Amino acid sequence: MKELKIKSFELRQVVLDMIKRSGGGHIGGDFSVMDVLVTLYFKHMNISPENMDDPNRDLFVMSKGHSVESYYAVLAAKGFFPTEEVLEQFSAFGSPYIGHPNNKLPGIEMNSGSLGHGLPVCVGMALASKMDGRTNRVYTVMGDGELAEGSVWEGFMAGGHFGLGNLCAVIDRNGLQISGPTETVMAHEDLAARIRSFNWNVISVNGNDMDELDAALEAAKQVADRPTCIIANTVKGFGGGEVMENKAGWHHKVPSDAEYEAISAELKRRKEAAEHE
């Protein structure tokens with residue numbers, strides 16, 4: 001876990017470089033969700049470049065597709081494609097590394113980013129796997145602003161109805177969306193009770209604490225009769241320090257040169273702190 005904590009800050013730097021070079025990207029959500037993606041891909045999911053065509057692989061959909069920069073950074077670190085290639089080509093004309101997940105790239109199951117689609121699709125994937133007698137698991141990561149989409153709640157209803165114990169949804173609950181605080185735009189509390197009412201197992205954790213995430217993802221595997229939703233309570237812009245953290249304006253923003261240097265310095269400081277834990 002120590003190595004993964006270090007990796008999470010290294011990959012945030014990759015995201016920062018990607019967005020600075022390309023001149024666009026959803027950096028706030030990238031930083032909040034990075035710990036979730038690193039824990040999933042490097043500790044829990046059975047997915048790699050070697051088995052990406054195996055029908056028994058674990059399946060993942062990045063439903064909050066606007067945080068694609070973090071997704072690309074993690075897939076590159078996992079070996080699906082070169083990190084330098086992403087850095088050079090992200091959002092360039094004609095590049096496959098577009099601003100939302102592109103399933104023409106290895107390791108990406110579906111195009112996403114039109115919010116509200118990830119969970120319903122994953123319900124279908126999980127139900128198909130269950131009907132085929134497979135033991136693989138299906139994961140999706142959603143944003144909390146995305147929960148205003150009605151299709152999300154149809155997905156919760158169907159997932160609970162079919163008792164999909166092979167399905168795990170993670171909500172990046174950073175409390176902010178492009179228009180401001182989620183509780184102002186479209187309130188979600190009591191979110192855990194609402195999701196439990198659809199026959200889901202619900203676990204709430206500090207989504208920027210990788211030890212808590214690790215324990216929650218492991219616990220989800222032990223629940224066979226219903227799907228699990230992990231509410232990952234995160235900080236938007238986590239790792240970016242005072243410049244970025246918990247500020248709605250960083251939903252989609254390119255840092256100035258001074259901001260870039262300040263964020264890089266903070267990421268380096270936190271990486272070094274993780275190294276000495």
# chains A, B, ... in the order shown; residues from 1 in each chain; ligands from 1

$ residues_around --residues "range 162-170 of chain A" --least-positions-apart "4" --cutoff "6 Å" --atoms "only C-alpha atoms" --output "JSON, numbers by chain"
{"A": [126, 137, 138, 139, 140, 141, 224, 225, 226, 227, 228, 229, 230, 231]}

$ write_last_selection --atoms "C-alpha atoms" --output "PDB file, in the first residue's frame"
ATOM      1  CA  ALA A 126     -22.661  -8.089 -14.231  1.00  0.00           C
ATOM      2  CA  ARG A 137     -16.294  -8.778 -11.042  1.00  0.00           C
ATOM      3  CA  VAL A 138     -17.625  -5.568 -12.573  1.00  0.00           C
ATOM      4  CA  TYR A 139     -16.677  -2.088 -11.314  1.00  0.00           C
ATOM      5  CA  THR A 140     -17.742   1.440 -12.162  1.00  0.00           C
ATOM      6  CA  VAL A 141     -16.702   4.843 -10.824  1.00  0.00           C
ATOM      7  CA  ALA A 224     -22.483 -12.384  -2.596  1.00  0.00           C
ATOM      8  CA  ASP A 225     -26.213 -11.697  -2.480  1.00  0.00           C
ATOM      9  CA  ARG A 226     -26.319  -8.030  -3.450  1.00  0.00           C
ATOM     10  CA  PRO A 227     -24.179  -5.370  -5.142  1.00  0.00           C
ATOM     11  CA  THR A 228     -21.978  -3.010  -3.155  1.00  0.00           C
ATOM     12  CA  CYS A 229     -21.706   0.765  -3.432  1.00  0.00           C
ATOM     13  CA  ILE A 230     -18.658   2.413  -1.911  1.00  0.00           C
ATOM     14  CA  ILE A 231     -19.239   6.079  -1.129  1.00  0.00           C
TER      15      ILE A 231
END

$ residues_around --residues "range 109-113 of chain A" --least-positions-apart "2" --cutoff "7 Å" --atoms "only C-alpha atoms" --output "ChimeraX atom specification"
/A:60-66,100-103,107,115

$ select_by_dssp --residues "range 48-188 of chain A" --states "helix (DSSP H, G or I)" --output "PyMOL selection string"
chain A and resi 65-78+83-89+118-131+145-148+150-161+182-185

$ residues_around --residues "Met157 in chain A" --least-positions-apart "2" --cutoff "10 Å" --atoms "only C-alpha atoms" --output "ChimeraX atom specification"
/A:120,123,151-155,159-162,195,197-200

$ write_last_selection --atoms "C-alpha atoms" --output "compact mmCIF listing (two decimals), in the first residue's frame"
# COMPACT_ATOMS: atom_id res chain seq x y z
CA PRO A 120 -26.74 0.80 -16.03
CA VAL A 123 -25.58 -3.83 -14.36
CA SER A 151 -30.69 6.37 -15.29
CA VAL A 152 -28.36 6.03 -12.30
CA TRP A 153 -31.30 5.22 -10.05
CA GLU A 154 -32.71 2.77 -12.58
CA GLY A 155 -29.31 1.08 -12.39
CA GLY A 159 -28.72 -4.09 -9.62
CA GLY A 160 -30.43 -4.68 -6.29
CA HIS A 161 -33.34 -6.53 -7.87
CA PHE A 162 -31.06 -9.04 -9.60
CA ILE A 195 -28.92 3.46 -1.95
CA SER A 197 -33.23 1.11 0.02
CA PHE A 198 -32.52 -0.45 -3.41
CA ASN A 199 -31.10 -3.60 -1.76
CA TRP A 200 -27.45 -2.58 -2.00

$ residues_around --residues "Gly79 in chain A" --least-positions-apart "5" --cutoff "9 Å" --atoms "only C-alpha atoms" --output "number ranges by chain"
A: 48-49, 74

$ closest_residue --among "A:Leu191, A:Val14, A:Ala158, A:Leu59" --to "Ala73 in chain A" --atoms "only C-alpha atoms"
A:Val14

$ residues_around --residues "range 35-40 of chain A" --least-positions-apart "5" --cutoff "10 Å" --atoms "only C-alpha atoms" --output "PyMOL selection string"
chain A and resi 1+4-5+7-9+11-12+30+45-47+60+62+70-71+73-75+77-78+139+141+170-172+207-211+213-214+217+232+234+238

$ write_last_selection --atoms "N, CA, C and O atoms" --output "compact mmCIF listing (two decimals), in the first residue's frame"
# COMPACT_ATOMS: atom_id res chain seq x y z
N MET A 1 0.83 -1.20 0.00
CA MET A 1 0.00 0.00 0.00
C MET A 1 0.87 1.26 0.00
O MET A 1 0.50 2.27 -0.60
N LEU A 4 1.70 2.12 -3.45
CA LEU A 4 0.55 2.65 -4.18
C LEU A 4 0.25 4.09 -3.79
O LEU A 4 -0.17 4.89 -4.63
N LYS A 5 0.45 4.43 -2.51
CA LYS A 5 0.26 5.82 -2.08
C LYS A 5 1.25 6.74 -2.79
O LYS A 5 0.90 7.85 -3.22
N LYS A 7 2.64 6.09 -5.69
CA LYS A 7 2.23 6.09 -7.09
C LYS A 7 1.08 7.07 -7.34
O LYS A 7 1.03 7.74 -8.38
N SER A 8 0.17 7.19 -6.39
CA SER A 8 -0.99 8.07 -6.59
C SER A 8 -0.55 9.52 -6.76
O SER A 8 -1.17 10.26 -7.54
N PHE A 9 0.48 9.94 -6.06
CA PHE A 9 0.96 11.32 -6.22
C PHE A 9 1.80 11.47 -7.49
O PHE A 9 1.76 12.50 -8.15
N LEU A 11 1.23 9.86 -10.24
CA LEU A 11 0.29 9.90 -11.36
C LEU A 11 -0.51 11.20 -11.39
O LEU A 11 -0.94 11.64 -12.46
N ARG A 12 -0.70 11.82 -10.24
CA ARG A 12 -1.31 13.17 -10.25
C ARG A 12 -0.39 14.15 -10.98
O ARG A 12 -0.87 15.04 -11.68
N ASP A 30 -10.04 14.66 -11.43
CA ASP A 30 -8.90 13.76 -11.63
C ASP A 30 -8.16 13.53 -10.32
O ASP A 30 -7.82 12.39 -9.98
N MET A 45 -8.37 -5.32 -9.06
CA MET A 45 -8.97 -5.82 -10.30
C MET A 45 -8.05 -6.78 -11.05
O MET A 45 -6.85 -6.55 -11.17
N ASN A 46 -8.64 -7.84 -11.56
CA ASN A 46 -7.94 -8.80 -12.40
C ASN A 46 -8.02 -8.32 -13.85
O ASN A 46 -8.85 -8.77 -14.64
N ILE A 47 -7.17 -7.36 -14.17
CA ILE A 47 -7.14 -6.80 -15.52
C ILE A 47 -5.72 -6.32 -15.82
O ILE A 47 -5.08 -5.70 -14.97
N PHE A 60 -14.36 -2.87 -16.07
CA PHE A 60 -14.40 -1.55 -15.45
C PHE A 60 -14.94 -0.52 -16.43
O PHE A 60 -14.55 -0.51 -17.61
N MET A 62 -15.41 3.73 -16.54
CA MET A 62 -15.21 5.04 -15.93
C MET A 62 -16.42 5.89 -16.30
O MET A 62 -16.44 6.58 -17.32
N SER A 70 -7.02 11.13 -15.39
CA SER A 70 -6.57 10.20 -14.35
C SER A 70 -6.67 8.76 -14.85
O SER A 70 -5.80 7.92 -14.54
N TYR A 71 -7.70 8.47 -15.60
CA TYR A 71 -7.90 7.13 -16.16
C TYR A 71 -6.76 6.78 -17.12
O TYR A 71 -6.17 5.70 -17.04
N ALA A 73 -3.77 8.09 -17.20
CA ALA A 73 -2.52 7.99 -16.46
C ALA A 73 -2.38 6.63 -15.79
O ALA A 73 -1.30 6.03 -15.79
N VAL A 74 -3.48 6.13 -15.22
CA VAL A 74 -3.45 4.83 -14.54
C VAL A 74 -3.29 3.70 -15.55
O VAL A 74 -2.49 2.77 -15.34
N LEU A 75 -4.03 3.75 -16.66
CA LEU A 75 -3.89 2.71 -17.68
C LEU A 75 -2.48 2.67 -18.25
O LEU A 75 -1.93 1.59 -18.51
N ALA A 77 0.28 3.62 -16.67
CA ALA A 77 1.15 3.06 -15.62
C ALA A 77 0.99 1.55 -15.51
O ALA A 77 1.91 0.84 -15.13
N LYS A 78 -0.20 1.05 -15.86
CA LYS A 78 -0.48 -0.38 -15.84
C LYS A 78 0.09 -1.09 -17.07
O LYS A 78 0.14 -2.31 -17.13
N TYR A 139 -16.84 -3.31 -12.10
CA TYR A 139 -16.68 -2.09 -11.31
C TYR A 139 -17.02 -0.87 -12.17
O TYR A 139 -16.74 -0.83 -13.37
N VAL A 141 -16.94 3.66 -11.65
CA VAL A 141 -16.70 4.84 -10.82
C VAL A 141 -17.58 5.96 -11.35
O VAL A 141 -17.53 6.29 -12.55
N VAL A 170 -18.46 2.66 -7.25
CA VAL A 170 -17.76 3.61 -6.37
C VAL A 170 -18.19 5.02 -6.76
O VAL A 170 -18.12 5.39 -7.93
N ILE A 171 -18.64 5.78 -5.78
CA ILE A 171 -19.03 7.17 -6.01
C ILE A 171 -17.92 8.09 -5.50
O ILE A 171 -17.55 8.04 -4.33
N ASP A 172 -17.39 8.91 -6.40
CA ASP A 172 -16.40 9.93 -6.01
C ASP A 172 -17.18 11.10 -5.40
O ASP A 172 -17.60 12.02 -6.10
N GLY A 207 -12.35 8.56 0.85
CA GLY A 207 -11.91 8.14 -0.48
C GLY A 207 -10.52 8.57 -0.86
O GLY A 207 -10.03 8.18 -1.93
N ASN A 208 -9.86 9.35 -0.03
CA ASN A 208 -8.46 9.69 -0.26
C ASN A 208 -7.55 8.97 0.71
O ASN A 208 -6.36 9.29 0.81
N ASP A 209 -8.11 8.00 1.44
CA ASP A 209 -7.34 7.12 2.34
C ASP A 209 -7.30 5.75 1.69
O ASP A 209 -8.30 5.02 1.70
N MET A 210 -6.17 5.38 1.14
CA MET A 210 -6.10 4.15 0.36
C MET A 210 -6.23 2.90 1.23
O MET A 210 -6.67 1.85 0.73
N ASP A 211 -5.89 2.98 2.49
CA ASP A 211 -6.10 1.85 3.39
C ASP A 211 -7.60 1.58 3.58
O ASP A 211 -8.04 0.43 3.57
N LEU A 213 -9.97 2.49 1.45
CA LEU A 213 -10.47 2.02 0.16
C LEU A 213 -10.16 0.54 -0.04
O LEU A 213 -11.01 -0.24 -0.47
N ASP A 214 -8.95 0.16 0.30
CA ASP A 214 -8.53 -1.23 0.16
C ASP A 214 -9.43 -2.15 0.98
O ASP A 214 -9.91 -3.18 0.49
N LEU A 217 -13.03 -2.33 -0.59
CA LEU A 217 -13.08 -3.13 -1.81
C LEU A 217 -12.96 -4.62 -1.48
O LEU A 217 -13.58 -5.47 -2.13
N ALA A 232 -17.08 7.02 -1.64
CA ALA A 232 -15.72 7.48 -1.38
C ALA A 232 -15.76 8.99 -1.14
O ALA A 232 -15.83 9.77 -2.09
N THR A 234 -14.31 12.19 -0.83
CA THR A 234 -13.03 12.73 -1.27
C THR A 234 -13.01 14.26 -1.19
O THR A 234 -14.03 14.89 -0.93
N PHE A 238 -7.70 16.92 -4.51
CA PHE A 238 -6.85 16.39 -3.44
C PHE A 238 -5.41 16.20 -3.91
O PHE A 238 -5.15 15.57 -4.94

$ closest_residue --among "A:Gly29, A:Gly94, A:Gly133, A:Pro181" --to "Val15 in chain A" --atoms "only C-alpha atoms"
A:Gly29

$ atom_distance --atom1 "CA of Leu176 in chain A" --atom2 "CA of Glu212 in chain A"
21.7 Å

$ atom_distance --atom1 "CA of Asn233 in chain A" --atom2 "CA of Tyr97 in chain A"
28.6 Å

$ residues_around --residues "Glu242 in chain A" --least-positions-apart "3" --cutoff "10 Å" --atoms "only C-alpha atoms" --output "number ranges by chain"
A: 237-239, 245-247, 262-263, 266

$ write_last_selection --atoms "all heavy atoms" --output "compact mmCIF listing (two decimals), in the first residue's frame"
# COMPACT_ATOMS: atom_id res chain seq x y z
N GLY A 237 -9.71 18.07 -6.04
CA GLY A 237 -8.37 18.63 -6.15
C GLY A 237 -7.39 18.08 -5.14
O GLY A 237 -6.32 18.67 -4.94
N PHE A 238 -7.70 16.92 -4.51
CA PHE A 238 -6.85 16.39 -3.44
C PHE A 238 -5.41 16.20 -3.91
O PHE A 238 -5.15 15.57 -4.94
CB PHE A 238 -7.40 15.06 -2.93
CG PHE A 238 -6.63 14.51 -1.77
CD1 PHE A 238 -6.86 14.99 -0.49
CD2 PHE A 238 -5.67 13.53 -1.95
CE1 PHE A 238 -6.15 14.49 0.60
CE2 PHE A 238 -4.96 13.02 -0.88
CZ PHE A 238 -5.20 13.50 0.40
N GLY A 239 -4.49 16.75 -3.15
CA GLY A 239 -3.08 16.70 -3.49
C GLY A 239 -2.56 18.01 -4.04
O GLY A 239 -1.34 18.23 -4.09
N GLU A 245 -7.51 22.54 -3.64
CA GLU A 245 -8.40 21.66 -2.89
C GLU A 245 -9.73 22.31 -2.49
O GLU A 245 -9.76 23.44 -2.00
CB GLU A 245 -7.68 21.13 -1.64
CG GLU A 245 -6.59 20.13 -1.99
CD GLU A 245 -5.94 19.50 -0.78
OE1 GLU A 245 -6.14 19.97 0.35
OE2 GLU A 245 -5.20 18.51 -0.98
N ASN A 246 -10.79 21.54 -2.76
CA ASN A 246 -12.15 21.92 -2.36
C ASN A 246 -12.62 23.23 -2.99
O ASN A 246 -13.36 24.00 -2.38
CB ASN A 246 -12.27 22.00 -0.83
CG ASN A 246 -13.69 21.79 -0.37
OD1 ASN A 246 -14.47 21.08 -0.99
ND2 ASN A 246 -14.06 22.43 0.71
N LYS A 247 -12.22 23.43 -4.25
CA LYS A 247 -12.62 24.64 -4.97
C LYS A 247 -13.30 24.25 -6.27
O LYS A 247 -12.69 23.61 -7.14
CB LYS A 247 -11.40 25.53 -5.25
CG LYS A 247 -10.76 26.07 -3.97
CD LYS A 247 -9.54 26.93 -4.27
CE LYS A 247 -8.92 27.45 -2.97
NZ LYS A 247 -7.69 28.26 -3.22
N ALA A 262 3.33 25.55 -7.99
CA ALA A 262 2.86 25.37 -6.62
C ALA A 262 2.25 23.98 -6.43
O ALA A 262 2.49 23.31 -5.41
CB ALA A 262 1.85 26.45 -6.26
N ILE A 263 1.46 23.54 -7.40
CA ILE A 263 0.83 22.21 -7.31
C ILE A 263 1.89 21.12 -7.39
O ILE A 263 1.86 20.14 -6.63
CB ILE A 263 -0.23 22.04 -8.42
CG1 ILE A 263 -1.36 23.04 -8.22
CG2 ILE A 263 -0.78 20.62 -8.42
CD1 ILE A 263 -2.26 23.19 -9.43
N GLU A 266 3.64 20.81 -4.09
CA GLU A 266 2.80 20.14 -3.09
C GLU A 266 2.73 18.64 -3.34
O GLU A 266 2.78 17.84 -2.40
CB GLU A 266 1.40 20.75 -3.10
CG GLU A 266 0.44 20.15 -2.09
CD GLU A 266 0.85 20.37 -0.64
OE1 GLU A 266 1.73 21.22 -0.37
OE2 GLU A 266 0.29 19.69 0.23

$ select_by_dssp --residues "range 119-207 of chain A" --states "strand (DSSP E or B)" --output "NGL selection string"
:A and (138-143 or 167-173 or 176-177 or 180-181 or 201-206)

$ atom_distance --atom1 "CA of His26 in chain A" --atom2 "CA of Lys253 in chain A"
6.6 Å
